[in-house]
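**Q** Can you keep this structure in mind? I'll have questions shortly.
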Amino acid sequence: MDPLDVVSDLHKIKPVYQPIVSAIRHSVAGYETFGRIQNGEEWLSLGDFFHNRDVPEEFKVEVDQHLLHIVMTEMLETNTEGYVFINRNAKQLMVNNGEDLLESLLMFEQKGFAMNRIVIEVTEHDFDEEFEELIHLLLYYKTFGIQIAVDDVGAKSSNIDRIRQLEPHILKVDTGIIRHNDSDGFHDIIYSLSLLAHRIGAALLFENIEDNFQLQFAWKHGGHFYQGFYLARPVFELKDAHHISVNVSEKITDYILREKALVEDRRNHVLHWEQKVKSLLPQWGGVKKVDAFIDTLTAQFNTESFRMFVCNSYGEQVSANFRKREGNWETEPDKKGSNWAFRPYFLENTMEMRTSSRGILSENYSDIETREMIRTFSFPLSEQYFLFVDICYSFIYENESLLI
Ligand code: CA
């Protein structure tokens, strides 16, 4: 569609509203708005118009201003509460120093539309150009109470520093990237993003949720907000925008039950392993006989483990490695004297074990030697010595509760 036709036919342009659902209240928290243009019988997306770099930014500002006025007026007239998410690109915001948008918002504030209900979405790609000017403008907007969301976050991990500088209120993550059986890589990205969000006090919003699996993923990974066709499509009428296609409370109850069962199952593994070690503890003859002690344990952990050793509270390995190769346990005496205190949580975990006299199961991590995903079960043998049992990938793989 010719950009000139778009601008000259403003009366054919209308906003649509797509509900955003709160993970806390399980109800609609706000709406992202998009533009649609009438073309004969059908309504077309204005996405191409806004994403086209050849369209003058002034045109985009004009169309967006038109849409914003309709949105704010309709929200006020229908007493619709909640946030309004609007999309703006960096260049467009910079036209006239971003004053057009601010003036409109101030005018609507006078009419009772609080500034903190406005969420401006900028995309991470915008950070590449004119970042300094953009961040100044956005920080200025923030002083009025306007909220900032970074859209499509995670697409470029190099921007983490810039996201930190901006301290946005919301990070929007595209859930569409995950595929049902291949979510490992994405899982790591999400984990980093959730840490970042936590540090800067931003809420995670998972968008493009299209099925139950993705909703569960969003719930499990700490999303504050959900958005996507699975929950609600964009609609013209605000009165239709309260409807959510699935019963979010019911879904979340399912996720909670499932998660609780997995946590319980995982705990049972740990309790079972604790029992095995405890039953042999009378045979613990101190550090001088440490290898003989592990030797008696190998049969107990033949299915679960491929490597066992004992460290003292300084992280120093005081035993040989017991290493299972092709079904047989071999000792690797040269590993004695290694120090593992540099590992994440090592000292904290040993102190915890000493205080509680309980075993600890690590998270999943990639083993440096085998490159496989493993977990480590550790247990306090005494005040100073700690047993480490590395659980092999095949056992983890067969037990779903250990996979997560
Ligand atoms: Ca968006």
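Following the order of the structure tokens, first chain is A, next is B, and so on, with residues numbered from 1 inside each chain and ligands from 1 in the order they appear.
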So that I can check the surroundings of segment 59-64 of chain A, please list as a PyMOL selection string every protein, DNA and RNA residue that reaches within 7 Å of it, counting only C-alpha atoms and ignoring chain neighbours fewer than 6 positions away.
**A** chain A and resi 7+50+92
**Q** Write out as a ChimeraX atom specification each polymer residue (protein, DNA or RNA) that has an atom no more than 12 Å from ligand 1, with only C-alpha atoms and all ligand atoms counted.
**A** /A:17-18,20,31-35,47,50-51,84-89,119-124,148-153,170-174,205-208,227-228
**Q** If you run DSSP on the backbone, which residues of segment 31-111 of chain A are alpha helix (DSSP H), as a ChimeraX atom specification?
**A** /A:47-51,57-77,90-94,99-110
**Q** Output C-alpha atoms for every residue in that selection, as a PDB file, in the first residue's frame.
**A**
ATOM      1  CA  GLY A  47       2.932  -3.466  10.132  1.00  0.00           C
ATOM      2  CA  ASP A  48       4.497  -3.070   6.696  1.00  0.00           C
ATOM      3  CA  PHE A  49       3.922   0.671   6.754  1.00  0.00           C
ATOM      4  CA  PHE A  50       5.597   1.086  10.135  1.00  0.00           C
ATOM      5  CA  HIS A  51       8.488  -1.267   9.404  1.00  0.00           C
ATOM      6  CA  GLU A  57       9.155   9.049   9.992  1.00  0.00           C
ATOM      7  CA  GLU A  58       6.840  12.079   9.948  1.00  0.00           C
ATOM      8  CA  PHE A  59       4.205   9.936   8.218  1.00  0.00           C
ATOM      9  CA  LYS A  60       4.490   7.284  10.898  1.00  0.00           C
ATOM     10  CA  VAL A  61       4.190   9.892  13.636  1.00  0.00           C
ATOM     11  CA  GLU A  62       1.040  11.236  12.037  1.00  0.00           C
ATOM     12  CA  VAL A  63      -0.602   7.811  11.778  1.00  0.00           C
ATOM     13  CA  ASP A  64       0.475   6.831  15.291  1.00  0.00           C
ATOM     14  CA  GLN A  65      -0.803  10.102  16.743  1.00  0.00           C
ATOM     15  CA  HIS A  66      -4.136   9.498  15.053  1.00  0.00           C
ATOM     16  CA  LEU A  67      -4.296   5.976  16.498  1.00  0.00           C
ATOM     17  CA  LEU A  68      -3.235   7.136  19.955  1.00  0.00           C
ATOM     18  CA  HIS A  69      -6.027   9.726  20.093  1.00  0.00           C
ATOM     19  CA  ILE A  70      -8.641   7.116  19.215  1.00  0.00           C
ATOM     20  CA  VAL A  71      -7.234   4.642  21.761  1.00  0.00           C
ATOM     21  CA  MET A  72      -7.084   7.116  24.628  1.00  0.00           C
ATOM     22  CA  THR A  73     -10.533   8.509  23.844  1.00  0.00           C
ATOM     23  CA  GLU A  74     -12.102   5.052  23.643  1.00  0.00           C
ATOM     24  CA  MET A  75     -10.425   3.935  26.839  1.00  0.00           C
ATOM     25  CA  LEU A  76     -11.686   7.014  28.684  1.00  0.00           C
ATOM     26  CA  GLU A  77     -15.198   6.825  27.242  1.00  0.00           C
ATOM     27  CA  ALA A  90      13.682   5.185  17.745  1.00  0.00           C
ATOM     28  CA  LYS A  91      13.710   7.436  14.658  1.00  0.00           C
ATOM     29  CA  GLN A  92      10.028   8.129  14.996  1.00  0.00           C
ATOM     30  CA  LEU A  93      10.381   9.059  18.646  1.00  0.00           C
ATOM     31  CA  MET A  94      13.163  11.472  17.775  1.00  0.00           C
ATOM     32  CA  GLU A  99       7.280  16.324  21.850  1.00  0.00           C
ATOM     33  CA  ASP A 100       4.186  15.290  19.857  1.00  0.00           C
ATOM     34  CA  LEU A 101       3.705  12.126  21.840  1.00  0.00           C
ATOM     35  CA  LEU A 102       4.409  13.801  25.163  1.00  0.00           C
ATOM     36  CA  GLU A 103       1.986  16.653  24.461  1.00  0.00           C
ATOM     37  CA  SER A 104      -0.805  14.224  23.589  1.00  0.00           C
ATOM     38  CA  LEU A 105      -0.177  12.197  26.703  1.00  0.00           C
ATOM     39  CA  LEU A 106      -0.146  15.315  28.891  1.00  0.00           C
ATOM     40  CA  MET A 107      -3.412  16.418  27.350  1.00  0.00           C
ATOM     41  CA  PHE A 108      -5.019  13.059  28.138  1.00  0.00           C
ATOM     42  CA  GLU A 109      -3.563  13.151  31.627  1.00  0.00           C
ATOM     43  CA  GLN A 110      -5.645  16.301  32.157  1.00  0.00           C
TER      44      GLN A 110
END
**Q** Show me, as a list in words, the residues that have an atom within 9 Å of segment 248-263 of chain A when counting only C-alpha atoms, minus same-chain residues fewer than 5 positions from it.
**A** Val21, Ala23, Arg25, His26, Ser27, Asn212, Leu215, Gln216, Trp219, Lys220, Leu231, Asn268, Glu400, Ser401, Leu402 and Ile404 of chain A
**Q** Pull N, CA and C atoms from the residues just selected and write them as a short mmCIF file (atom, residue, chain, number, x, y, z; two decimals), in the first residue's frame.
**A**
data_model
loop_
_atom_site.label_atom_id
_atom_site.label_comp_id
_atom_site.auth_asym_id
_atom_site.auth_seq_id
_atom_site.Cartn_x
_atom_site.Cartn_y
_atom_site.Cartn_z
N VAL A 21 -2.30 -10.41 29.75
CA VAL A 21 -2.86 -11.05 30.94
C VAL A 21 -1.85 -11.03 32.08
N ALA A 23 -0.06 -12.47 35.26
CA ALA A 23 0.22 -13.78 35.84
C ALA A 23 -0.19 -13.82 37.30
N ARG A 25 -2.92 -11.85 38.74
CA ARG A 25 -4.37 -11.78 38.91
C ARG A 25 -5.12 -12.70 37.95
N HIS A 26 -4.44 -13.23 36.94
CA HIS A 26 -5.04 -14.12 35.94
C HIS A 26 -6.13 -13.42 35.12
N SER A 27 -6.07 -12.09 35.08
CA SER A 27 -7.06 -11.34 34.31
C SER A 27 -6.34 -10.32 33.42
N ASN A 212 -0.65 -24.23 24.88
CA ASN A 212 -0.55 -24.52 26.30
C ASN A 212 0.91 -24.70 26.75
N LEU A 215 2.47 -21.36 27.21
CA LEU A 215 1.95 -20.67 28.41
C LEU A 215 2.60 -21.25 29.66
N GLN A 216 2.72 -22.57 29.68
CA GLN A 216 3.36 -23.21 30.83
C GLN A 216 4.83 -22.77 30.94
N TRP A 219 4.86 -19.35 32.42
CA TRP A 219 4.57 -19.41 33.86
C TRP A 219 5.81 -19.88 34.63
N LYS A 220 6.41 -20.93 34.10
CA LYS A 220 7.54 -21.55 34.79
C LYS A 220 8.78 -20.67 34.84
N LEU A 231 -4.33 -16.82 24.22
CA LEU A 231 -5.13 -16.15 25.24
C LEU A 231 -6.17 -15.22 24.62
N ASN A 268 12.21 -37.16 46.70
CA ASN A 268 12.26 -38.59 47.04
C ASN A 268 13.56 -39.22 46.57
N GLU A 400 12.06 -37.69 34.78
CA GLU A 400 11.69 -36.34 34.37
C GLU A 400 11.93 -35.29 35.47
N SER A 401 11.71 -35.70 36.71
CA SER A 401 11.86 -34.71 37.77
C SER A 401 13.29 -34.25 37.94
N LEU A 402 14.23 -35.03 37.42
CA LEU A 402 15.63 -34.64 37.53
C LEU A 402 16.08 -33.79 36.34
N ILE A 404 14.68 -31.16 35.21
CA ILE A 404 14.40 -29.72 35.33
C ILE A 404 14.80 -29.15 36.67
#
**Q** Would you list, as number ranges by chain, the residues of segment 81-290 of chain A that end up in strand (DSSP E) under DSSP run on this structure's backbone?
**A** A: 83-87, 118-123, 147-151, 170-174, 203-207, 225-226
**Q** What would the file look like if the residues just selected were written as a short mmCIF file (atom, residue, chain, number, x, y, z; two decimals), in the first residue's frame with N, CA, C and O atoms?
**A**
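New file again-v4.cif:
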data_model
loop_
_atom_site.label_atom_id
_atom_site.label_comp_id
_atom_site.auth_asym_id
_atom_site.auth_seq_id
_atom_site.Cartn_x
_atom_site.Cartn_y
_atom_site.Cartn_z
N TYR A 83 -3.21 -0.97 31.46
CA TYR A 83 -2.13 -0.34 30.69
C TYR A 83 -2.46 -0.29 29.21
O TYR A 83 -3.19 -1.13 28.69
N VAL A 84 -1.86 0.70 28.54
CA VAL A 84 -1.89 0.76 27.09
C VAL A 84 -0.46 0.66 26.59
O VAL A 84 0.39 1.49 26.93
N PHE A 85 -0.19 -0.39 25.82
CA PHE A 85 1.15 -0.59 25.25
C PHE A 85 1.15 -0.03 23.83
O PHE A 85 0.32 -0.46 23.01
N ILE A 86 2.04 0.91 23.56
CA ILE A 86 2.13 1.46 22.19
C ILE A 86 3.54 1.25 21.66
O ILE A 86 4.51 1.32 22.40
N ASN A 87 3.63 0.97 20.34
CA ASN A 87 4.93 0.70 19.72
C ASN A 87 5.47 1.95 19.05
O ASN A 87 4.74 2.64 18.32
N ILE A 118 0.66 4.27 30.63
CA ILE A 118 1.21 4.23 29.26
C ILE A 118 2.53 3.45 29.27
O ILE A 118 3.42 3.71 30.07
N VAL A 119 2.62 2.45 28.38
CA VAL A 119 3.87 1.70 28.23
C VAL A 119 4.35 1.88 26.79
O VAL A 119 3.66 1.48 25.85
N ILE A 120 5.50 2.52 26.63
CA ILE A 120 6.06 2.68 25.28
C ILE A 120 6.98 1.50 24.99
O ILE A 120 7.91 1.23 25.75
N GLU A 121 6.69 0.79 23.91
CA GLU A 121 7.55 -0.33 23.51
C GLU A 121 8.56 0.14 22.48
O GLU A 121 8.20 0.65 21.42
N VAL A 122 9.83 -0.03 22.82
CA VAL A 122 10.88 0.19 21.82
C VAL A 122 11.54 -1.17 21.58
O VAL A 122 11.55 -2.02 22.48
N THR A 123 12.06 -1.39 20.39
CA THR A 123 12.68 -2.70 20.16
C THR A 123 14.17 -2.61 20.43
O THR A 123 14.78 -1.54 20.36
N GLN A 147 5.89 4.38 31.36
CA GLN A 147 6.65 3.15 31.49
C GLN A 147 7.31 2.78 30.15
O GLN A 147 6.80 3.12 29.09
N ILE A 148 8.42 2.09 30.25
CA ILE A 148 9.15 1.70 29.05
C ILE A 148 9.24 0.17 29.01
O ILE A 148 9.57 -0.46 30.01
N ALA A 149 8.94 -0.39 27.84
CA ALA A 149 9.15 -1.84 27.64
C ALA A 149 10.15 -2.01 26.50
O ALA A 149 10.14 -1.25 25.54
N VAL A 150 11.03 -3.00 26.64
CA VAL A 150 11.91 -3.34 25.52
C VAL A 150 11.33 -4.57 24.85
O VAL A 150 11.18 -5.61 25.48
N ASP A 151 10.97 -4.40 23.57
CA ASP A 151 10.30 -5.44 22.80
C ASP A 151 11.36 -6.37 22.21
O ASP A 151 12.49 -5.95 21.97
N ILE A 170 9.57 -3.16 31.75
CA ILE A 170 9.13 -4.46 31.23
C ILE A 170 10.08 -4.95 30.14
O ILE A 170 10.55 -4.16 29.32
N LEU A 171 10.38 -6.24 30.15
CA LEU A 171 11.12 -6.86 29.04
C LEU A 171 10.16 -7.82 28.34
O LEU A 171 9.60 -8.72 28.97
N LYS A 172 9.97 -7.61 27.04
CA LYS A 172 9.06 -8.48 26.28
C LYS A 172 9.86 -9.55 25.55
O LYS A 172 10.76 -9.24 24.79
N VAL A 173 9.50 -10.80 25.82
CA VAL A 173 10.23 -11.93 25.24
C VAL A 173 9.34 -12.64 24.24
O VAL A 173 8.17 -12.93 24.53
N ASP A 174 9.88 -12.93 23.06
CA ASP A 174 9.12 -13.64 22.04
C ASP A 174 9.13 -15.14 22.33
O ASP A 174 10.12 -15.82 22.12
N ALA A 203 9.76 -6.37 34.83
CA ALA A 203 8.87 -7.52 34.75
C ALA A 203 9.05 -8.19 33.40
O ALA A 203 9.26 -7.51 32.40
N LEU A 204 8.97 -9.52 33.36
CA LEU A 204 9.06 -10.23 32.09
C LEU A 204 7.66 -10.40 31.51
O LEU A 204 6.73 -10.80 32.22
N LEU A 205 7.54 -10.07 30.24
CA LEU A 205 6.27 -10.30 29.54
C LEU A 205 6.57 -11.28 28.40
O LEU A 205 7.42 -11.02 27.56
N PHE A 206 5.89 -12.42 28.40
CA PHE A 206 6.06 -13.40 27.32
C PHE A 206 4.98 -13.16 26.28
O PHE A 206 3.79 -13.25 26.61
N GLU A 207 5.40 -12.86 25.04
CA GLU A 207 4.40 -12.60 24.00
C GLU A 207 4.43 -13.71 22.95
O GLU A 207 5.27 -14.60 23.00
N PHE A 225 3.62 -11.19 32.83
CA PHE A 225 2.53 -10.95 31.88
C PHE A 225 2.60 -11.94 30.74
O PHE A 225 3.68 -12.37 30.35
N TYR A 226 1.40 -12.28 30.22
CA TYR A 226 1.31 -13.19 29.07
C TYR A 226 0.52 -12.50 27.95
O TYR A 226 -0.46 -11.80 28.23
#
**Q** Which residues, written as a list of chain:residue names, have at least one atom at most 12 Å from Met373 of chain A, with only C-alpha atoms counted and residues fewer than 4 positions away on the same chain left out?
**A** A:Asp184, A:Ser362, A:Glu363, A:Asn364, A:Tyr365, A:Ser366, A:Asp367, A:Ile368, A:Glu369, A:Asp390, A:Ile391, A:Cys392, A:Tyr393, A:Ser394, A:Phe395, A:Ile396, A:Tyr397, A:Leu402, A:Leu403, A:Ile404
